[in-house]
Amino acid sequence: MAGPMSTDPDPFLAEHIHEALSRDERVNAPELRVTVEHGFIHVDGVVATDDRKHAIADVVGERWGDLTLDDRTTVADFPHDGRIEVV
């Protein structure tokens, strides 16, 4: 699938997207890496849940739907060993 042919003129676009993904409660993932190249938004990193991974597309699509999202994030694997954590 080919993305848009034009590049975005905003040199701070990746930072704007990163901030949106960090602040939106559906994603809330400031540790993600965001780059923008040739009309593609590349997002890399690890999120806590499947819901947060799916929310990346929602947040990006709501504001930057004219660009193509390349979501390379993975969902963290938190193995459950059966013990109860006491704090």
# chains A, B, ... in the order shown; residues from 1 in each chain; ligands from 1

call {"tool": "residues_around", "arguments": {"residues": "Leu21 of chain A", "least_positions_apart": "3", "cutoff": "7 Å", "atoms": "only C-alpha atoms", "output": "VMD selection string"}}
result
chain A and resid 17 to 18 24 27 to 30 56 59

call {"tool": "residues_around", "arguments": {"residues": "Leu32 of chain A", "least_positions_apart": "3", "cutoff": "12 Å", "atoms": "only C-alpha atoms", "output": "JSON, numbers by chain"}}
result
{"A": [14, 15, 17, 18, 19, 20, 21, 22, 23, 27, 28, 29, 35, 42, 43, 44, 45, 46, 47, 48, 52, 53, 56, 71, 72, 73, 74, 75]}

call {"tool": "select_by_dssp", "arguments": {"residues": "chain A", "states": "strand (DSSP E)", "output": "ChimeraX atom specification"}}
result
/A:33-37,40-44,46-47,68-71,74-75

call {"tool": "write_last_selection", "arguments": {"atoms": "C-alpha atoms", "output": "PDB file, in the first residue's frame"}}
result
ATOM      1  CA  ARG A  33       9.486   6.846  19.249  1.00  0.00           C
ATOM      2  CA  VAL A  34       7.876   8.753  16.385  1.00  0.00           C
ATOM      3  CA  THR A  35       9.401   9.658  13.030  1.00  0.00           C
ATOM      4  CA  VAL A  36       7.794  11.085   9.910  1.00  0.00           C
ATOM      5  CA  GLU A  37       9.170  10.417   6.438  1.00  0.00           C
ATOM      6  CA  PHE A  40       4.454   7.998   6.660  1.00  0.00           C
ATOM      7  CA  ILE A  41       4.225   8.225  10.442  1.00  0.00           C
ATOM      8  CA  HIS A  42       6.427   5.529  11.989  1.00  0.00           C
ATOM      9  CA  VAL A  43       5.725   4.658  15.624  1.00  0.00           C
ATOM     10  CA  ASP A  44       8.033   2.268  17.494  1.00  0.00           C
ATOM     11  CA  VAL A  46       6.185  -1.015  23.615  1.00  0.00           C
ATOM     12  CA  VAL A  47       2.719  -0.337  25.008  1.00  0.00           C
ATOM     13  CA  THR A  68      -0.168   6.768   6.550  1.00  0.00           C
ATOM     14  CA  LEU A  69       0.494   5.192   9.951  1.00  0.00           C
ATOM     15  CA  ASP A  70       3.221   2.558  10.200  1.00  0.00           C
ATOM     16  CA  ASP A  71       2.583   1.209  13.705  1.00  0.00           C
ATOM     17  CA  THR A  74       4.406  -4.254  20.377  1.00  0.00           C
ATOM     18  CA  VAL A  75       2.372  -5.098  23.457  1.00  0.00           C
TER      19      VAL A  75
END

call {"tool": "closest_residue", "arguments": {"among": "A:His38, A:Arg26, A:Thr49, A:Phe12", "to": "Asp77 of chain A", "atoms": "only C-alpha atoms"}}
result
A:Thr49

call {"tool": "select_by_dssp", "arguments": {"residues": "chain A", "states": "helix (DSSP H, G or I)", "output": "list in words"}}
result
Leu13, Ala14, Glu15, His16, Ile17, His18, Glu19, Ala20, Leu21, Ser22, Arg23, Asp50, Asp51, Arg52, Lys53, His54, Ala55, Ile56, Ala57, Asp58, Val59, Val60, Gly61, Glu62, Arg63 and Trp64 of chain A

call {"tool": "atom_distance", "arguments": {"atom1": "atom CA of His80 of chain A", "atom2": "atom CA of Asp58 of chain A"}}
result
29.3 Å

call {"tool": "atom_distance", "arguments": {"atom1": "atom CA of Ala55 of chain A", "atom2": "atom CA of Leu13 of chain A"}}
result
18.8 Å

call {"tool": "decode", "arguments": {"residues": "segment 22-70 of chain A", "atoms": "N, CA and C atoms", "output": "PDB file, in the first residue's frame"}}
result
ATOM      1  N   SER A  22       1.563  10.784  23.936  1.00  0.00           N
ATOM      2  CA  SER A  22       1.959  10.815  25.349  1.00  0.00           C
ATOM      3  C   SER A  22       0.831  11.317  26.240  1.00  0.00           C
ATOM      4  N   ARG A  23       0.099  12.318  25.764  1.00  0.00           N
ATOM      5  CA  ARG A  23      -0.910  12.983  26.596  1.00  0.00           C
ATOM      6  C   ARG A  23      -2.302  12.361  26.509  1.00  0.00           C
ATOM      7  N   ASP A  24      -2.612  11.726  25.396  1.00  0.00           N
ATOM      8  CA  ASP A  24      -3.951  11.150  25.253  1.00  0.00           C
ATOM      9  C   ASP A  24      -4.076   9.953  26.192  1.00  0.00           C
ATOM     10  N   GLU A  25      -5.105   9.974  27.035  1.00  0.00           N
ATOM     11  CA  GLU A  25      -5.255   8.912  28.037  1.00  0.00           C
ATOM     12  C   GLU A  25      -5.477   7.534  27.434  1.00  0.00           C
ATOM     13  N   ARG A  26      -5.906   7.477  26.182  1.00  0.00           N
ATOM     14  CA  ARG A  26      -6.106   6.171  25.536  1.00  0.00           C
ATOM     15  C   ARG A  26      -4.787   5.481  25.235  1.00  0.00           C
ATOM     16  N   VAL A  27      -3.725   6.253  25.030  1.00  0.00           N
ATOM     17  CA  VAL A  27      -2.411   5.689  24.719  1.00  0.00           C
ATOM     18  C   VAL A  27      -1.472   5.879  25.903  1.00  0.00           C
ATOM     19  N   ASN A  28      -1.277   7.138  26.325  1.00  0.00           N
ATOM     20  CA  ASN A  28      -0.467   7.459  27.498  1.00  0.00           C
ATOM     21  C   ASN A  28       0.887   6.745  27.468  1.00  0.00           C
ATOM     22  N   ALA A  29       1.645   6.964  26.386  1.00  0.00           N
ATOM     23  CA  ALA A  29       2.912   6.252  26.217  1.00  0.00           C
ATOM     24  C   ALA A  29       4.020   7.208  25.769  1.00  0.00           C
ATOM     25  N   PRO A  30       4.600   7.964  26.710  1.00  0.00           N
ATOM     26  CA  PRO A  30       5.643   8.918  26.345  1.00  0.00           C
ATOM     27  C   PRO A  30       6.941   8.266  25.871  1.00  0.00           C
ATOM     28  N   GLU A  31       7.090   6.974  26.087  1.00  0.00           N
ATOM     29  CA  GLU A  31       8.319   6.290  25.696  1.00  0.00           C
ATOM     30  C   GLU A  31       8.343   5.873  24.218  1.00  0.00           C
ATOM     31  N   LEU A  32       7.250   6.085  23.512  1.00  0.00           N
ATOM     32  CA  LEU A  32       7.222   5.718  22.092  1.00  0.00           C
ATOM     33  C   LEU A  32       8.140   6.620  21.284  1.00  0.00           C
ATOM     34  N   ARG A  33       8.665   6.078  20.187  1.00  0.00           N
ATOM     35  CA  ARG A  33       9.486   6.846  19.249  1.00  0.00           C
ATOM     36  C   ARG A  33       8.654   7.117  18.000  1.00  0.00           C
ATOM     37  N   VAL A  34       8.664   8.359  17.551  1.00  0.00           N
ATOM     38  CA  VAL A  34       7.876   8.753  16.385  1.00  0.00           C
ATOM     39  C   VAL A  34       8.794   9.428  15.378  1.00  0.00           C
ATOM     40  N   THR A  35       8.715   8.986  14.127  1.00  0.00           N
ATOM     41  CA  THR A  35       9.401   9.658  13.030  1.00  0.00           C
ATOM     42  C   THR A  35       8.406   9.831  11.894  1.00  0.00           C
ATOM     43  N   VAL A  36       8.651  10.831  11.070  1.00  0.00           N
ATOM     44  CA  VAL A  36       7.794  11.085   9.910  1.00  0.00           C
ATOM     45  C   VAL A  36       8.693  11.203   8.696  1.00  0.00           C
ATOM     46  N   GLU A  37       8.396  10.393   7.673  1.00  0.00           N
ATOM     47  CA  GLU A  37       9.170  10.417   6.438  1.00  0.00           C
ATOM     48  C   GLU A  37       8.252  10.170   5.252  1.00  0.00           C
ATOM     49  N   HIS A  38       8.302  11.050   4.282  1.00  0.00           N
ATOM     50  CA  HIS A  38       7.604  10.883   3.003  1.00  0.00           C
ATOM     51  C   HIS A  38       6.136  10.506   3.164  1.00  0.00           C
ATOM     52  N   GLY A  39       5.454  11.170   4.096  1.00  0.00           N
ATOM     53  CA  GLY A  39       4.031  10.939   4.286  1.00  0.00           C
ATOM     54  C   GLY A  39       3.683   9.752   5.162  1.00  0.00           C
ATOM     55  N   PHE A  40       4.682   9.126   5.758  1.00  0.00           N
ATOM     56  CA  PHE A  40       4.454   7.998   6.660  1.00  0.00           C
ATOM     57  C   PHE A  40       4.814   8.396   8.080  1.00  0.00           C
ATOM     58  N   ILE A  41       3.947   8.046   9.022  1.00  0.00           N
ATOM     59  CA  ILE A  41       4.225   8.225  10.442  1.00  0.00           C
ATOM     60  C   ILE A  41       4.653   6.865  10.971  1.00  0.00           C
ATOM     61  N   HIS A  42       5.896   6.769  11.428  1.00  0.00           N
ATOM     62  CA  HIS A  42       6.427   5.529  11.989  1.00  0.00           C
ATOM     63  C   HIS A  42       6.414   5.644  13.507  1.00  0.00           C
ATOM     64  N   VAL A  43       5.780   4.676  14.168  1.00  0.00           N
ATOM     65  CA  VAL A  43       5.725   4.658  15.624  1.00  0.00           C
ATOM     66  C   VAL A  43       6.328   3.340  16.095  1.00  0.00           C
ATOM     67  N   ASP A  44       7.347   3.441  16.955  1.00  0.00           N
ATOM     68  CA  ASP A  44       8.033   2.268  17.494  1.00  0.00           C
ATOM     69  C   ASP A  44       7.994   2.303  19.011  1.00  0.00           C
ATOM     70  N   GLY A  45       8.009   1.132  19.624  1.00  0.00           N
ATOM     71  CA  GLY A  45       8.087   1.042  21.074  1.00  0.00           C
ATOM     72  C   GLY A  45       7.166  -0.034  21.613  1.00  0.00           C
ATOM     73  N   VAL A  46       6.985  -0.009  22.920  1.00  0.00           N
ATOM     74  CA  VAL A  46       6.185  -1.015  23.615  1.00  0.00           C
ATOM     75  C   VAL A  46       5.075  -0.305  24.372  1.00  0.00           C
ATOM     76  N   VAL A  47       3.866  -0.843  24.250  1.00  0.00           N
ATOM     77  CA  VAL A  47       2.719  -0.337  25.008  1.00  0.00           C
ATOM     78  C   VAL A  47       2.242  -1.411  25.962  1.00  0.00           C
ATOM     79  N   ALA A  48       1.474  -1.009  26.957  1.00  0.00           N
ATOM     80  CA  ALA A  48       1.075  -1.931  28.018  1.00  0.00           C
ATOM     81  C   ALA A  48      -0.037  -2.900  27.624  1.00  0.00           C
ATOM     82  N   THR A  49      -0.953  -2.474  26.735  1.00  0.00           N
ATOM     83  CA  THR A  49      -2.114  -3.309  26.426  1.00  0.00           C
ATOM     84  C   THR A  49      -2.461  -3.259  24.939  1.00  0.00           C
ATOM     85  N   ASP A  50      -3.259  -4.220  24.516  1.00  0.00           N
ATOM     86  CA  ASP A  50      -3.773  -4.207  23.142  1.00  0.00           C
ATOM     87  C   ASP A  50      -4.625  -2.972  22.893  1.00  0.00           C
ATOM     88  N   ASP A  51      -5.413  -2.555  23.884  1.00  0.00           N
ATOM     89  CA  ASP A  51      -6.250  -1.364  23.732  1.00  0.00           C
ATOM     90  C   ASP A  51      -5.406  -0.137  23.437  1.00  0.00           C
ATOM     91  N   ARG A  52      -4.292  -0.003  24.114  1.00  0.00           N
ATOM     92  CA  ARG A  52      -3.412   1.153  23.878  1.00  0.00           C
ATOM     93  C   ARG A  52      -2.788   1.086  22.489  1.00  0.00           C
ATOM     94  N   LYS A  53      -2.444  -0.100  22.046  1.00  0.00           N
ATOM     95  CA  LYS A  53      -1.889  -0.245  20.699  1.00  0.00           C
ATOM     96  C   LYS A  53      -2.914   0.180  19.655  1.00  0.00           C
ATOM     97  N   HIS A  54      -4.153  -0.263  19.807  1.00  0.00           N
ATOM     98  CA  HIS A  54      -5.207   0.106  18.854  1.00  0.00           C
ATOM     99  C   HIS A  54      -5.528   1.603  18.923  1.00  0.00           C
ATOM    100  N   ALA A  55      -5.375   2.189  20.102  1.00  0.00           N
ATOM    101  CA  ALA A  55      -5.665   3.615  20.274  1.00  0.00           C
ATOM    102  C   ALA A  55      -4.664   4.500  19.536  1.00  0.00           C
ATOM    103  N   ILE A  56      -3.472   3.988  19.255  1.00  0.00           N
ATOM    104  CA  ILE A  56      -2.486   4.762  18.497  1.00  0.00           C
ATOM    105  C   ILE A  56      -3.083   5.169  17.150  1.00  0.00           C
ATOM    106  N   ALA A  57      -3.702   4.220  16.468  1.00  0.00           N
ATOM    107  CA  ALA A  57      -4.322   4.511  15.168  1.00  0.00           C
ATOM    108  C   ALA A  57      -5.456   5.518  15.318  1.00  0.00           C
ATOM    109  N   ASP A  58      -6.212   5.424  16.401  1.00  0.00           N
ATOM    110  CA  ASP A  58      -7.311   6.373  16.625  1.00  0.00           C
ATOM    111  C   ASP A  58      -6.777   7.790  16.809  1.00  0.00           C
ATOM    112  N   VAL A  59      -5.783   7.934  17.667  1.00  0.00           N
ATOM    113  CA  VAL A  59      -5.233   9.266  17.957  1.00  0.00           C
ATOM    114  C   VAL A  59      -4.603   9.863  16.707  1.00  0.00           C
ATOM    115  N   VAL A  60      -3.804   9.080  16.013  1.00  0.00           N
ATOM    116  CA  VAL A  60      -3.147   9.577  14.796  1.00  0.00           C
ATOM    117  C   VAL A  60      -4.189   9.894  13.726  1.00  0.00           C
ATOM    118  N   GLY A  61      -5.151   9.023  13.536  1.00  0.00           N
ATOM    119  CA  GLY A  61      -6.164   9.216  12.504  1.00  0.00           C
ATOM    120  C   GLY A  61      -7.031  10.436  12.731  1.00  0.00           C
ATOM    121  N   GLU A  62      -7.296  10.758  13.989  1.00  0.00           N
ATOM    122  CA  GLU A  62      -8.143  11.913  14.310  1.00  0.00           C
ATOM    123  C   GLU A  62      -7.497  13.234  13.895  1.00  0.00           C
ATOM    124  N   ARG A  63      -6.186  13.308  13.950  1.00  0.00           N
ATOM    125  CA  ARG A  63      -5.502  14.578  13.668  1.00  0.00           C
ATOM    126  C   ARG A  63      -4.653  14.554  12.406  1.00  0.00           C
ATOM    127  N   TRP A  64      -4.160  13.378  12.043  1.00  0.00           N
ATOM    128  CA  TRP A  64      -3.253  13.296  10.893  1.00  0.00           C
ATOM    129  C   TRP A  64      -3.692  12.179   9.954  1.00  0.00           C
ATOM    130  N   GLY A  65      -4.979  12.108   9.696  1.00  0.00           N
ATOM    131  CA  GLY A  65      -5.553  11.051   8.870  1.00  0.00           C
ATOM    132  C   GLY A  65      -5.108  11.081   7.420  1.00  0.00           C
ATOM    133  N   ASP A  66      -4.527  12.203   6.987  1.00  0.00           N
ATOM    134  CA  ASP A  66      -4.068  12.291   5.601  1.00  0.00           C
ATOM    135  C   ASP A  66      -2.703  11.630   5.413  1.00  0.00           C
ATOM    136  N   LEU A  67      -2.068  11.218   6.507  1.00  0.00           N
ATOM    137  CA  LEU A  67      -0.787  10.515   6.435  1.00  0.00           C
ATOM    138  C   LEU A  67      -1.008   9.040   6.721  1.00  0.00           C
ATOM    139  N   THR A  68      -0.061   8.217   6.352  1.00  0.00           N
ATOM    140  CA  THR A  68      -0.168   6.768   6.550  1.00  0.00           C
ATOM    141  C   THR A  68       0.575   6.372   7.816  1.00  0.00           C
ATOM    142  N   LEU A  69      -0.105   5.648   8.704  1.00  0.00           N
ATOM    143  CA  LEU A  69       0.494   5.192   9.951  1.00  0.00           C
ATOM    144  C   LEU A  69       1.195   3.867   9.735  1.00  0.00           C
ATOM    145  N   ASP A  70       2.443   3.795  10.160  1.00  0.00           N
ATOM    146  CA  ASP A  70       3.221   2.558  10.200  1.00  0.00           C
ATOM    147  C   ASP A  70       3.458   2.254  11.675  1.00  0.00           C
TER     148      ASP A  70
END
